[in-house]
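Some notes on the structure that comes next.
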Amino acid sequence: MTSLSEEVLLVVKKVRQKKQDGTLYLMAERIAWGPEGKDRFTVSHLYADIRCQKISPDGKAKVQLQLVLHTGESTTFHFANESTALKDREAAKELLQQLLPKFKKKANKELEEKNRMLQEDPVLFQLYKDLVVSQVISAEEFWANRLGGINNTDPSPYNNKQEVGISGAFLADIRPQTDGCNGLRYNLTADIIESIFRTYPAVKQKYSENVPHNLTEKEFWTRFFQSHYFHRDRINTGTQDIFSECAKQDEKGLKSLVTQGVKNPLVDLQSLEDKTLDEGYGICTTQPSTSNANKSVKDSSNSAIIKRFNHHSAMVLAAGSRRGFSVSFIIFLKISSSETSSTDGNSRDSDFFQPPVKKVKLQEAIEFEDLQRENRPKTVPLNLKKSDRYAHGPVPLQSQQYTTSQDIINSVNYIRHEMANYKPSLTQVLSSTAATSAIAALSPGGVLMQGGAQQAINQMVPTEVQGELKHLYVAAGELLRHFWSCFPVNTPFLEEKVIKMKSNLERFQMTKLHPFKEKIQRQYLSTNLTGHLEEMLQTAYSKFQIWQTRRMMRKT
Amino acid sequence: MKLNIEGLLVYFPYDYIYPEQYSYMLELKRTLDAKGHGVLEMPSGTGKTISLLSLIVAYQRAFPLEVTKLIYCSRTVPEIEKVVEELRKLMEFYTKETGESNNFLALALSSRKNLCIHPEILHANIVVYSYHYLLDPKIADLVSKELAKKSVVVFDEAHNIDNVCIDSMSVNITRRTLDRCQNNVDTLQNTIHKIKETDAAKLREEYRRLVEGLKEANVARETDIYLANPVLPDEILQEAVPGSIRTAEHFVGFMRRFLEYLKSRLRVQHVVQESAPQFLKDIFDKVCIDRKPLRFCAERLQSLLRTLEIADIADFSAVTLISNFATLVSTYSQGFTIIIEPFEDRTPTIANPVLHFSCMDPSIAIKPVFQRFQSVVITSGTLSPLDIYPRILDFRPVTMASFTMTLARTCLCPLIVGRGNDQVALSSKFETREDFAVIRNYGNLLLEMSAIVPDGIVAFFTSYVYMENIVASWYEQGILENIQRNKLIFIETQDAAETSMALEKYQEACENGRGAILLSVARGKVSEGIDFVHHYGRAVLMFGVPYVYTQSRILKARLEYLRDQFQIRENDFLTFDAMRHAAQCVGRAIRGKTDYGLMIFADKRYARADKRGKLPRWIQEHINDGSLNLTVDEAVQLSKHFLRQMAQPFRQEDQLGLSLLTLEQLESEEMLQKITQIAHQT
């Protein structure tokens with residue numbers, strides 16, 4: 001056998017593959033099959049390449065196991081040992097079941113990461129299409145220096161993603177489906193479970209208390225979906241329901257939130273009115289009263305829905321804003337912070353004392369920002385009549401120093417002042433020829449206005465050509481980046497790479513640039529469009545040439 | 001800036017001014033000049049309060065003998081606090097401009113817990129407090145009765161003033177009230193016994209005073225020192241307290257008899273409705289109580305409580321209530337009705353008898369205010385139609401004006417959605433209230449809006465019960481779940497603390513970008529007291545027309561009274577009432593010119609001229625033919641367009657010269673001419 005050093009975990013004999021008898025080997029990193037009597041494997045798959053395994057239904061005559069690869073190919077093994085076929089298959093299946101996830105995570109993670117990067121970045125995707133799909137460079141090369149962060153642990157910017165809040169409708173996403181025999185089927189995903197836990201810490205607590213000691217996971221969720229807790233309109237009835245306690249806890253949480261009161265006094269409905277009517281006075285606008293005693297079941301179920309919605313939204317909000325804290329902890333924090341603030345504000349009993357929040361809110365409420373003169377430094381609003389002119393104006397030779405808008409205003413004022421006080425000194429004027437040439441240089445087509453001729457590109461060239469050109473630039477840039485990153489060439493690997501890159505560049509020029517050039521020629525457009533690209537490629541070639549001659553010289 | 005309002009120098013603590021503010025001040029000055037009353041409607045968010053304060057303070061400084069005091073009444077505690085804050089700003093401006101610290105004294109009274117009846121109230125130049133301090137005779141007598149005649153009274157947010165008046169004059173008596181009253185009377189009797197043994201002279205002194213009658217009070221009223229108390233009618237001031245209740249024991253005995261009579265009246269099996277004269281006749285027939293001693297009840301009880309030196313009057317609230325009732329019912333033969341209900345309509349099996357003594361005439365409570373003070377200004381963002389207020393409050397204003405909001409960009413977008421996408425007519429009217437198609441379409445409207453409106457949406461329902469039912473049905477149909485995909489949902493409950501929390505969370509969700517929907521109720525606390533500025537309310541949806549619950553007997557009696565006394569047709573009043581509440585609800589979202597918001601009226605009835613015409617002018621003028629009777633889809637399209645426009649940057653420069661003026665711009669001839677058109681006289 002080829003790789004004896006490998007640890008063989010399971011050997012199953014009498015396994016047919018493509019109608020050939022043989023032996024199946026499950027090893028530490030791969031699964032392999034070799035025909036009877038031969039010394040090599042004709043089938044060998046790394047676990048990482050396997051997407052999933054499938055087995056034939058129990059009643060079938062043939063006992064089979066199918067491996068589906070990420071590439072979409074599949075391999076089927078037929079367990080042919082009549083007496084133990086089923087047992088053999090089960091053993092292989094069980095082992096695979098344990099092994100596959102380990103590798104899958106790794107493979108999937110990489111794949112997912114690549115996928116995600118392509119999805120999130122349309123430019124990258126286009127580049128991928130241009131270079132990899134059209135086989136200018138291979139996928140590995142493409143990803144080689146992009147996926148640095150995936151395999152190493154150093155956090156790439158992609159991993160530092162913003163915290164994702166919880167969808168307000170996560171419970172709605174668990175659409176129950178009827179399974180055809182008077183039952184309902186709920187689809188739970190890990191995301192939804194996490195959402196439930198984050199929003200309802202009480203459920204999480206129940207879960208850790210009961211699963212798996214008292215209930216299996218499945219039972220737990222079944223009960224959850226049956227509970228009044230999930231169905232917001234159901235009223236808490238039974239006490240056997242393990243979630244009745246959750247509801248009570250929620251109620252408690254809600255109450256503590258309510259008794260805490262609100263921080264913003266302007267939304268505090270309780271202190272809204274200067275309630276001066278004594279008991280017994282006033283028109284009781286008793287719209288049908290809702291004293292608890294005479295509420296119908298429907299009414300109280302309605303108000304239960306309303307309560308739960310408020311609670312749910314508050315919890316989702318809290319879960320989104322402070323991840324990792326349990327909500328009870330948040331409540332605790334809030335209470336303690338409000339306590340400290342009240343002890344700080346020691347002048348509370350003074351008549352003129354107003355809690356600062358209140359003062360700020362009141363001042364906010366009475367403020368008319370538009371009635372006040374703006375105090376911030378005056379800025380010049382950028383008002384572009386023709387943005388092209390802004391983008392392609394005469395370019396200064398030197399990069400100018402950064403000027404603040406205040407500077408600009410000052411200099412405008414200065415110039416204005418200068419202009420107002422301008423007195424021509426007629427003895428020192430420009431000679432007429434110099435003046436004429438200056439005017440000519442500044443007129444359209446003149447030396448200083450050359451930039452103006454090129455700007456027309458976006459009017460002269462149809463948009464699809466522009467798009468194509470853009471793609472070409474991006475692709476060329478990518479290839480050139482690879483190329484230039486090889487210098488200085490000081491390892492054999494780089495040597496190899498630089499040669500490959502050069503051929504890549506040539507291939508790019510042949511398969512991409514030339515067809516494009518011909519195309520624009522056919523459309524009678526200025527061939528000048530690709531001039532710059534070619535120039536860049538040419539620079540790379542000459543660099544390569546220099547390098548190569550030098551290398552030859554060193555070798556000789 | 002310093003303004004010249006028809007010759008009056010007004011300090012205005014801002015660099016710019018809205019044209020309508022100038023116009024408002026003009027009208028206000030004319031009102032003060034004429035020493036008359038005024039009704040002024042100006043949209044919220046146009047700086048009404050600061051205009052009022054600036055002008056009146058300037059007037060006070062210029063003519064200290066003509067106007068001695070400003071009494072500023074507002075409705076909610078935050079409103080009162082805002083006024084104080086604006087006043088502070090104005091005073092700071094004065095100090096800065098004139099260089100002298102001014103000796104203006106302003107006083108704010110809020111919440112009776114720390115009520116201040118310090119004599120300073122008499123010297124203050126400005127008093128800010130809640131309506132009740134002036135309109136509720138029980139409190140006005142304590143707080144406001146000595147306020148000078150040459151005061152200017154302002155009722156801000158006055159669109160509900162009639163209800164406040166009515167509330168302050170109405171009494172409800174239950175069995176519990178009577179039981180507590182019985183206890184009070186027993187306590188009184190015991191105290192009298194004790195005092196008789198120890199200090200009989202005190203009671204004799206009281207008796208002597210009562211023979212003298214209420215002369216003092218009469219002198220005071222004639223010499224115009226006090227604000228009249230509607231519970232203390234003129235006639236009784238000229239007479240002595242009748243002999244039958246003059247001694248303390250006789251009075252207690254009298255109260256016992258009255259109490260027994262009331263108890264017997266509460267033992268009814270069916271609803272009774274009668275007028276005050278009918279009630280008096282019945283009480284005379286049954287227990288031989290005359291009208292005259294009843295009229296003295298309130299005053300006699302106060303005298304007794306003073307004589308017995310009872311410190312905690314709160315314990316005697318029940319007997320005070322009954323004595324006030326006795327005085328009111330015997331004083332006013334008109335304007336009140338008595339309804340005795342043995343049980344609540346919804347629960348006919350549970351006996352819970354209540355005697356409602358309901359005031360139907362708001363002018364009774366406010367009459368002393370109009371009579372006493374030289375200028376009373378009624379103002380609000382929503383007072384349309386203006387002419388109805390003078391009618392129901394029975395006064396003659398010298399100025400009535402409605403101001404529009406001058407806008408550089410149309411920042412409000414009222415849309416009337418009359419149909420669902422399936423052409424089902426949308427309406428909250430009784431016949432279709434339970435109709436699933438309507439409820440579903442309402443849900444669809446909210447769902448669509450939740451997808452296109454940024455940040456906060458507030459939706460109002462016509463009543464709490466209606467909202468509960470709709471929410472339940474939306475829950476069953478899965479509509480709420482779909483809405484949750486777009487925004488979090490918060491719902492007003494009947495518990496104020498719970499709703500406050502929901503409100504705060506709602507604001508938090510708007511603040512952090514998640515966006516939220518608040519479901520609320522017209523006529524509820526939220527609709528009356530909470531503003532949804534900027535992103536806290538980018539759209540307000542009004543589901544249905546918020547008519548008052550018309551099955552109530554008290555309301556029916558009031559409608560009848562309005563028809564007979566003021567020739568206001570029932571339907572006109574109901575529509576007026578519904579529309580002022582709808583306007584209040586939708587107006588919550590626009591709190592200034594830099595703000596913007598959609599106002600969606602989801603009921604086909606809004607398209608009718610009789611409804612639309614009762615909306616405030618500043619809303620009405622933005623409703624054109626293209627915004628009537630829309631389907632949900634059409635409304636969504638228009639809203640999208642509107643929101644996209646509003647999302648463009650809006651700078652001060654865009655407003656300048658149009659809806660925002662510098663002093664120079666204001667003084668230009670052309671602008672002054674334009675400004676005269678802003679005020680819409682009626």
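Following the order of the structure tokens, first chain is A, next is B, and so on, with residues numbered from 1 inside each chain and ligands from 1 in the order they appear.
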
* Asked: Taking only C-alpha atoms into account, which residues of chain B are within 7 Å of chain A, as a ChimeraX atom specification?
  -> /B:14-17,76-78,82,86,110-111,130,132,167-173,346,358,468,472,481,484-485,487-491,496-498,500-505,509,525,530,549,652

* To do: Could you give me, as an NGL selection string, each residue of segment 323-538 of chain B that DSSP assigns to strand (DSSP E or B) when run on this structure's backbone?
  => :B and (336-343 or 351-359 or 375-380 or 397-403 or 412-419 or 425 or 456-461 or 488-491 or 516-521)

Quick one: write out the picked residues with C-alpha atoms as an mmCIF file, in the first residue's frame?
```
data_model
loop_
_atom_site.group_PDB
_atom_site.id
_atom_site.type_symbol
_atom_site.label_atom_id
_atom_site.label_comp_id
_atom_site.auth_asym_id
_atom_site.auth_seq_id
_atom_site.Cartn_x
_atom_site.Cartn_y
_atom_site.Cartn_z
ATOM 1 C CA PHE B 336 -76.223 70.833 34.199
ATOM 2 C CA THR B 337 -77.833 67.447 34.026
ATOM 3 C CA ILE B 338 -78.199 64.642 36.541
ATOM 4 C CA ILE B 339 -77.849 61.065 35.384
ATOM 5 C CA ILE B 340 -78.102 58.139 37.750
ATOM 6 C CA GLU B 341 -76.852 54.876 36.360
ATOM 7 C CA PRO B 342 -77.361 51.696 38.408
ATOM 8 C CA PHE B 343 -74.642 49.783 36.572
ATOM 9 C CA ALA B 351 -74.464 46.895 40.635
ATOM 10 C CA ASN B 352 -72.322 49.984 40.689
ATOM 11 C CA PRO B 353 -74.639 52.973 40.934
ATOM 12 C CA VAL B 354 -73.225 56.360 40.063
ATOM 13 C CA LEU B 355 -74.847 59.759 40.174
ATOM 14 C CA HIS B 356 -73.328 61.962 37.519
ATOM 15 C CA PHE B 357 -73.853 65.644 37.956
ATOM 16 C CA SER B 358 -72.509 66.829 34.669
ATOM 17 C CA CYS B 359 -71.801 70.309 33.555
ATOM 18 C CA SER B 375 -57.616 90.532 28.039
ATOM 19 C CA VAL B 376 -57.962 86.803 27.694
ATOM 20 C CA VAL B 377 -56.122 85.171 24.800
ATOM 21 C CA ILE B 378 -57.019 81.701 23.680
ATOM 22 C CA THR B 379 -54.382 80.182 21.465
ATOM 23 C CA SER B 380 -53.261 76.831 20.104
ATOM 24 C CA PRO B 397 -63.423 88.347 21.032
ATOM 25 C CA VAL B 398 -61.986 91.493 19.487
ATOM 26 C CA THR B 399 -59.546 89.537 17.354
ATOM 27 C CA MET B 400 -59.816 86.147 15.756
ATOM 28 C CA ALA B 401 -57.063 85.011 13.455
ATOM 29 C CA SER B 402 -55.566 81.877 12.034
ATOM 30 C CA PHE B 403 -51.958 82.001 10.881
ATOM 31 C CA LEU B 412 -45.764 68.437 5.597
ATOM 32 C CA CYS B 413 -47.570 66.041 3.352
ATOM 33 C CA PRO B 414 -51.153 65.325 4.284
ATOM 34 C CA LEU B 415 -52.606 62.374 2.378
ATOM 35 C CA ILE B 416 -56.089 60.991 2.619
ATOM 36 C CA VAL B 417 -56.143 57.270 2.031
ATOM 37 C CA GLY B 418 -59.670 56.174 1.278
ATOM 38 C CA ARG B 419 -59.237 52.776 -0.336
ATOM 39 C CA ALA B 425 -63.319 51.568 1.297
ATOM 40 C CA GLY B 456 -40.201 56.625 13.624
ATOM 41 C CA ILE B 457 -43.842 56.165 12.677
ATOM 42 C CA VAL B 458 -46.712 56.958 15.012
ATOM 43 C CA ALA B 459 -50.119 55.494 14.348
ATOM 44 C CA PHE B 460 -53.252 56.604 16.155
ATOM 45 C CA PHE B 461 -56.468 54.654 16.562
ATOM 46 C CA LEU B 488 -39.868 47.398 16.222
ATOM 47 C CA ILE B 489 -43.397 47.778 17.513
ATOM 48 C CA PHE B 490 -44.407 49.588 20.677
ATOM 49 C CA ILE B 491 -47.964 49.961 21.824
ATOM 50 C CA ALA B 516 -39.892 51.863 15.389
ATOM 51 C CA ILE B 517 -43.640 52.148 15.236
ATOM 52 C CA LEU B 518 -45.723 53.446 18.080
ATOM 53 C CA LEU B 519 -49.355 52.416 18.133
ATOM 54 C CA SER B 520 -51.346 54.873 20.127
ATOM 55 C CA VAL B 521 -54.793 56.253 20.776
#
```

* To do: Give the helix (DSSP H, G or I) residues of segment 431-511 of chain B, as assigned by DSSP on the backbone, as a ChimeraX atom specification.
  => /B:431-432,436-452,464-476,479-486,496-511

* So which residues touch Ala365 of chain B within 8 Å, counting only C-alpha atoms, skipping near sequence neighbours fewer than 4 positions away, as a list in words? ->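 So the residues in contact are Leu135, Asp136, Pro137, Cys165, Ile166, Ser168, Met169 and Pro230 of chain B.
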
Distance query Val548 of chain B at most 10 Å, only C-alpha atoms, self and fewer than 3 positions along chain excluded, as a JSON list (two decimals) with C-alpha atoms, in the first residue's frame:
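That gives us around-v9.json:
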```json
[["chain", "number", "residue", "atom", "x", "y", "z"],
["A", 285, "THR", "CA", -65.14, 59.80, 30.20],
["A", 287, "GLN", "CA", -65.31, 54.71, 27.67],
["B", 462, "THR", "CA", -59.84, 56.06, 17.43],
["B", 463, "SER", "CA", -60.12, 54.31, 20.77],
["B", 522, "ALA", "CA", -56.35, 59.58, 19.87],
["B", 523, "ARG", "CA", -57.55, 61.44, 22.96],
["B", 545, "VAL", "CA", -61.99, 59.47, 12.46],
["B", 551, "GLN", "CA", -73.39, 56.13, 23.26],
["B", 552, "SER", "CA", -72.57, 57.85, 26.52],
["B", 555, "LEU", "CA", -72.41, 63.18, 25.86],
["B", 574, "LEU", "CA", -69.12, 65.80, 16.93],
["B", 575, "THR", "CA", -67.23, 66.39, 13.72],
["B", 577, "ASP", "CA", -64.53, 67.46, 18.18],
["B", 578, "ALA", "CA", -63.26, 64.53, 16.12],
["B", 581, "HIS", "CA", -58.39, 65.50, 17.96]]
```

* To do: For atom CA of Cys181 of chain B and atom CA of Ala318 of chain B, quote the distance in Å rounded to one decimal.
  =>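 Computing it gives 4.8 Å between the two atoms.
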
Would you kindly return, as a CSV table (one decimal) with all heavy atoms, in the first residue's frame, each protein, DNA or RNA residue with an atom no farther than 12 Å from any atom of Leu99 of chain A, considering only C-alpha atoms and excluding same-chain residues fewer than 5 positions away?
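Produced file selection27.csv, reproduced below:
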```csv
chain,number,residue,atom,x,y,z
A,9,LEU,N,-8.2,3.8,10.2
A,9,LEU,CA,-9.2,3.8,11.3
A,9,LEU,C,-10.2,2.7,11.1
A,9,LEU,O,-10.7,2.1,12.0
A,9,LEU,CB,-10.0,5.1,11.3
A,9,LEU,CG,-9.1,6.4,11.5
A,9,LEU,CD1,-10.0,7.6,11.4
A,9,LEU,CD2,-8.5,6.3,12.9
A,26,LEU,N,-10.9,3.7,5.7
A,26,LEU,CA,-11.1,5.1,6.2
A,26,LEU,C,-9.9,5.4,7.0
A,26,LEU,O,-9.5,4.8,8.0
A,26,LEU,CB,-12.4,5.1,7.2
A,26,LEU,CG,-13.7,5.4,6.4
A,26,LEU,CD1,-14.2,4.1,5.8
A,26,LEU,CD2,-14.7,6.0,7.4
A,27,MET,N,-9.2,6.5,6.6
A,27,MET,CA,-8.0,6.9,7.3
A,27,MET,C,-8.2,8.2,8.0
A,27,MET,O,-9.3,8.8,8.0
A,27,MET,CB,-6.9,6.9,6.3
A,27,MET,CG,-6.3,5.5,6.0
A,27,MET,SD,-5.5,5.2,4.5
A,27,MET,CE,-6.6,5.5,3.3
A,28,ALA,N,-7.1,8.7,8.5
A,28,ALA,CA,-7.2,9.9,9.4
A,28,ALA,C,-7.7,11.1,8.6
A,28,ALA,O,-8.5,11.9,9.0
A,28,ALA,CB,-5.9,10.2,10.0
A,29,GLU,N,-7.2,11.2,7.3
A,29,GLU,CA,-7.5,12.4,6.6
A,29,GLU,C,-8.3,12.1,5.3
A,29,GLU,O,-8.7,13.1,4.6
A,29,GLU,CB,-6.2,13.2,6.2
A,29,GLU,CG,-5.6,13.8,7.5
A,29,GLU,CD,-4.7,14.9,7.2
A,29,GLU,OE1,-4.1,14.9,6.1
A,29,GLU,OE2,-4.7,15.9,8.0
A,30,ARG,N,-8.4,10.9,4.9
A,30,ARG,CA,-9.0,10.6,3.6
A,30,ARG,C,-9.7,9.2,3.7
A,30,ARG,O,-9.5,8.4,4.5
A,30,ARG,CB,-8.0,10.7,2.5
A,30,ARG,CG,-6.9,9.7,2.7
A,30,ARG,CD,-5.9,9.8,1.5
A,30,ARG,NE,-4.9,8.8,1.7
A,30,ARG,CZ,-4.4,8.1,0.7
A,30,ARG,NH1,-4.8,8.3,-0.6
A,30,ARG,NH2,-3.4,7.2,0.9
A,31,ILE,N,-10.6,9.1,2.7
A,31,ILE,CA,-11.2,7.8,2.5
A,31,ILE,C,-10.7,7.2,1.2
A,31,ILE,O,-10.6,8.0,0.2
A,31,ILE,CB,-12.8,8.0,2.6
A,31,ILE,CG1,-13.5,6.6,2.5
A,31,ILE,CG2,-13.3,8.9,1.5
A,31,ILE,CD1,-15.0,6.7,2.8
A,46,LEU,N,-10.0,13.2,0.0
A,46,LEU,CA,-9.8,13.9,1.3
A,46,LEU,C,-11.1,14.2,1.9
A,46,LEU,O,-12.1,14.5,1.2
A,46,LEU,CB,-9.0,15.1,1.0
A,46,LEU,CG,-7.5,15.0,0.7
A,46,LEU,CD1,-6.9,16.3,0.3
A,46,LEU,CD2,-6.7,14.3,1.8
A,47,TYR,N,-11.1,14.0,3.2
A,47,TYR,CA,-12.4,14.3,3.9
A,47,TYR,C,-12.8,15.8,3.6
A,47,TYR,O,-14.0,16.1,3.5
A,47,TYR,CB,-12.3,14.1,5.4
A,47,TYR,CG,-12.2,12.7,5.8
A,47,TYR,CD1,-11.2,12.3,6.7
A,47,TYR,CD2,-13.0,11.7,5.2
A,47,TYR,CE1,-11.1,11.0,7.1
A,47,TYR,CE2,-12.8,10.4,5.5
A,47,TYR,CZ,-11.9,10.0,6.5
A,47,TYR,OH,-11.7,8.7,6.8
A,48,ALA,N,-11.8,16.6,3.5
A,48,ALA,CA,-12.2,18.1,3.3
A,48,ALA,C,-12.9,18.3,2.0
A,48,ALA,O,-13.6,19.3,1.8
A,48,ALA,CB,-10.9,18.9,3.3
A,50,ILE,N,-15.2,16.4,0.8
A,50,ILE,CA,-16.5,15.7,0.7
A,50,ILE,C,-17.5,16.7,1.3
A,50,ILE,O,-17.3,17.3,2.4
A,50,ILE,CB,-16.5,14.5,1.6
A,50,ILE,CG1,-15.5,13.5,1.0
A,50,ILE,CG2,-17.9,13.8,1.6
A,50,ILE,CD1,-15.2,12.3,1.8
A,51,ARG,N,-18.5,16.9,0.5
A,51,ARG,CA,-19.6,17.7,1.0
A,51,ARG,C,-20.5,17.0,2.0
A,51,ARG,O,-20.8,17.4,3.1
A,51,ARG,CB,-20.4,18.3,-0.1
A,51,ARG,CG,-21.4,19.4,0.4
A,51,ARG,CD,-22.4,19.8,-0.6
A,51,ARG,NE,-21.9,20.5,-1.8
A,51,ARG,CZ,-22.5,20.5,-2.9
A,51,ARG,NH1,-23.7,19.9,-3.1
A,51,ARG,NH2,-22.0,21.2,-4.0
A,52,CYS,N,-21.0,15.8,1.5
A,52,CYS,CA,-21.8,15.1,2.4
A,52,CYS,C,-21.9,13.6,2.0
A,52,CYS,O,-21.4,13.2,1.0
A,52,CYS,CB,-23.3,15.6,2.4
A,52,CYS,SG,-24.1,15.5,0.8
A,53,GLN,N,-22.4,12.8,2.9
A,53,GLN,CA,-22.6,11.4,2.5
A,53,GLN,C,-24.1,11.1,2.5
A,53,GLN,O,-24.9,11.7,3.2
A,53,GLN,CB,-21.9,10.5,3.5
A,53,GLN,CG,-22.4,10.7,5.0
A,53,GLN,CD,-21.9,9.6,5.9
A,53,GLN,OE1,-21.6,8.5,5.5
A,53,GLN,NE2,-21.8,9.9,7.2
A,92,ALA,N,-19.2,2.4,8.7
A,92,ALA,CA,-18.6,3.5,7.9
A,92,ALA,C,-19.3,4.8,8.0
A,92,ALA,O,-18.6,5.8,8.1
A,92,ALA,CB,-18.6,3.0,6.4
A,93,LYS,N,-20.6,4.7,8.0
A,93,LYS,CA,-21.4,6.0,8.1
A,93,LYS,C,-21.1,6.7,9.4
A,93,LYS,O,-20.9,7.9,9.4
A,93,LYS,CB,-22.9,5.6,8.0
A,93,LYS,CG,-23.8,6.8,7.9
A,93,LYS,CD,-25.2,6.5,8.1
A,93,LYS,CE,-25.5,6.7,9.6
A,93,LYS,NZ,-26.9,6.4,9.9
A,94,GLU,N,-21.1,5.9,10.5
A,94,GLU,CA,-20.9,6.5,11.8
A,94,GLU,C,-19.6,7.2,11.9
A,94,GLU,O,-19.5,8.4,12.3
A,94,GLU,CB,-21.0,5.5,12.9
A,94,GLU,CG,-22.4,4.9,13.2
A,94,GLU,CD,-23.3,5.9,13.9
A,94,GLU,OE1,-22.7,6.6,14.7
A,94,GLU,OE2,-24.5,5.9,13.7
A,104,LYS,N,-14.9,19.5,7.4
A,104,LYS,CA,-15.9,20.4,6.7
A,104,LYS,C,-15.8,21.8,7.2
A,104,LYS,O,-15.7,22.7,6.4
A,104,LYS,CB,-17.3,19.9,7.1
A,104,LYS,CG,-18.3,20.3,6.1
A,104,LYS,CD,-19.6,19.7,6.5
A,104,LYS,CE,-20.5,19.5,5.3
A,104,LYS,NZ,-21.7,18.7,5.6
A,105,LYS,N,-15.7,22.0,8.5
A,105,LYS,CA,-15.6,23.3,9.0
A,105,LYS,C,-14.5,24.1,8.4
A,105,LYS,O,-14.6,25.2,8.0
A,105,LYS,CB,-15.4,23.3,10.6
A,105,LYS,CG,-16.7,23.6,11.3
A,105,LYS,CD,-16.5,23.5,12.8
A,105,LYS,CE,-17.8,23.1,13.4
A,105,LYS,NZ,-17.6,22.3,14.6
A,106,LYS,N,-13.3,23.4,8.3
A,106,LYS,CA,-12.2,24.0,7.8
A,106,LYS,C,-12.4,24.4,6.4
A,106,LYS,O,-12.2,25.6,6.0
A,106,LYS,CB,-11.0,23.1,7.9
A,106,LYS,CG,-9.6,23.8,8.1
A,106,LYS,CD,-8.6,22.8,8.4
A,106,LYS,CE,-7.3,23.1,7.7
A,106,LYS,NZ,-6.5,21.9,7.5
```

* **Residue neighbourhood Val132 of chain A, 9 Å, only C-alpha atoms, exclusion window fewer than 6 positions, as a list in words** => Ser138, Ala139, Glu141 and Phe142 of chain A

* Which residues come within 10 Å of segment 272-280 of chain B, counting only C-alpha atoms, excluding same-chain residues fewer than 2 positions away, as number ranges by chain? -> B: 265-266, 268-270, 282-286, 288-291, 294, 326, 328-342, 355-357, 553-554, 557

* Point-to-point distance in Å for atom CA of Phe254 of chain B and atom CA of Arg175 of chain B ->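 Distance reported for this atom pair: 19.1 Å.
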
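Residue nearest Leu660 of chain B, chosen from B:Ile483, B:Ala583, B:Val128, B:Ile675 and counting only C-alpha atoms: B:Ile675.
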
* Asked: Which one is closest to Ser44 of chain B: B:Leu630, B:Ala679, B:Leu661, B:Ala589? Count only C-alpha atoms.
  -> B:Ala589

* Structure fact -> Correct to one decimal, the distance atom CA of Glu66 of chain B-atom CA of Lys150 of chain B is 6.6 Å

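You can rank B:Pro19, B:Asn125, B:Val211, B:Val271 by their closest distance to Val57 of chain B using only C-alpha atoms, and at the top of that list sits B:Asn125.
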
* **Residue among A:Arg185, A:Ile137, A:Thr84, A:Thr216 lying closest to His482 of chain A, counting only C-alpha atoms** => A:Ile137

* **B:Lys89, B:Lys429, B:Arg246, B:Arg180 ranked by distance to Phe316 of chain B, top pick (using only C-alpha atoms)** => B:Arg180
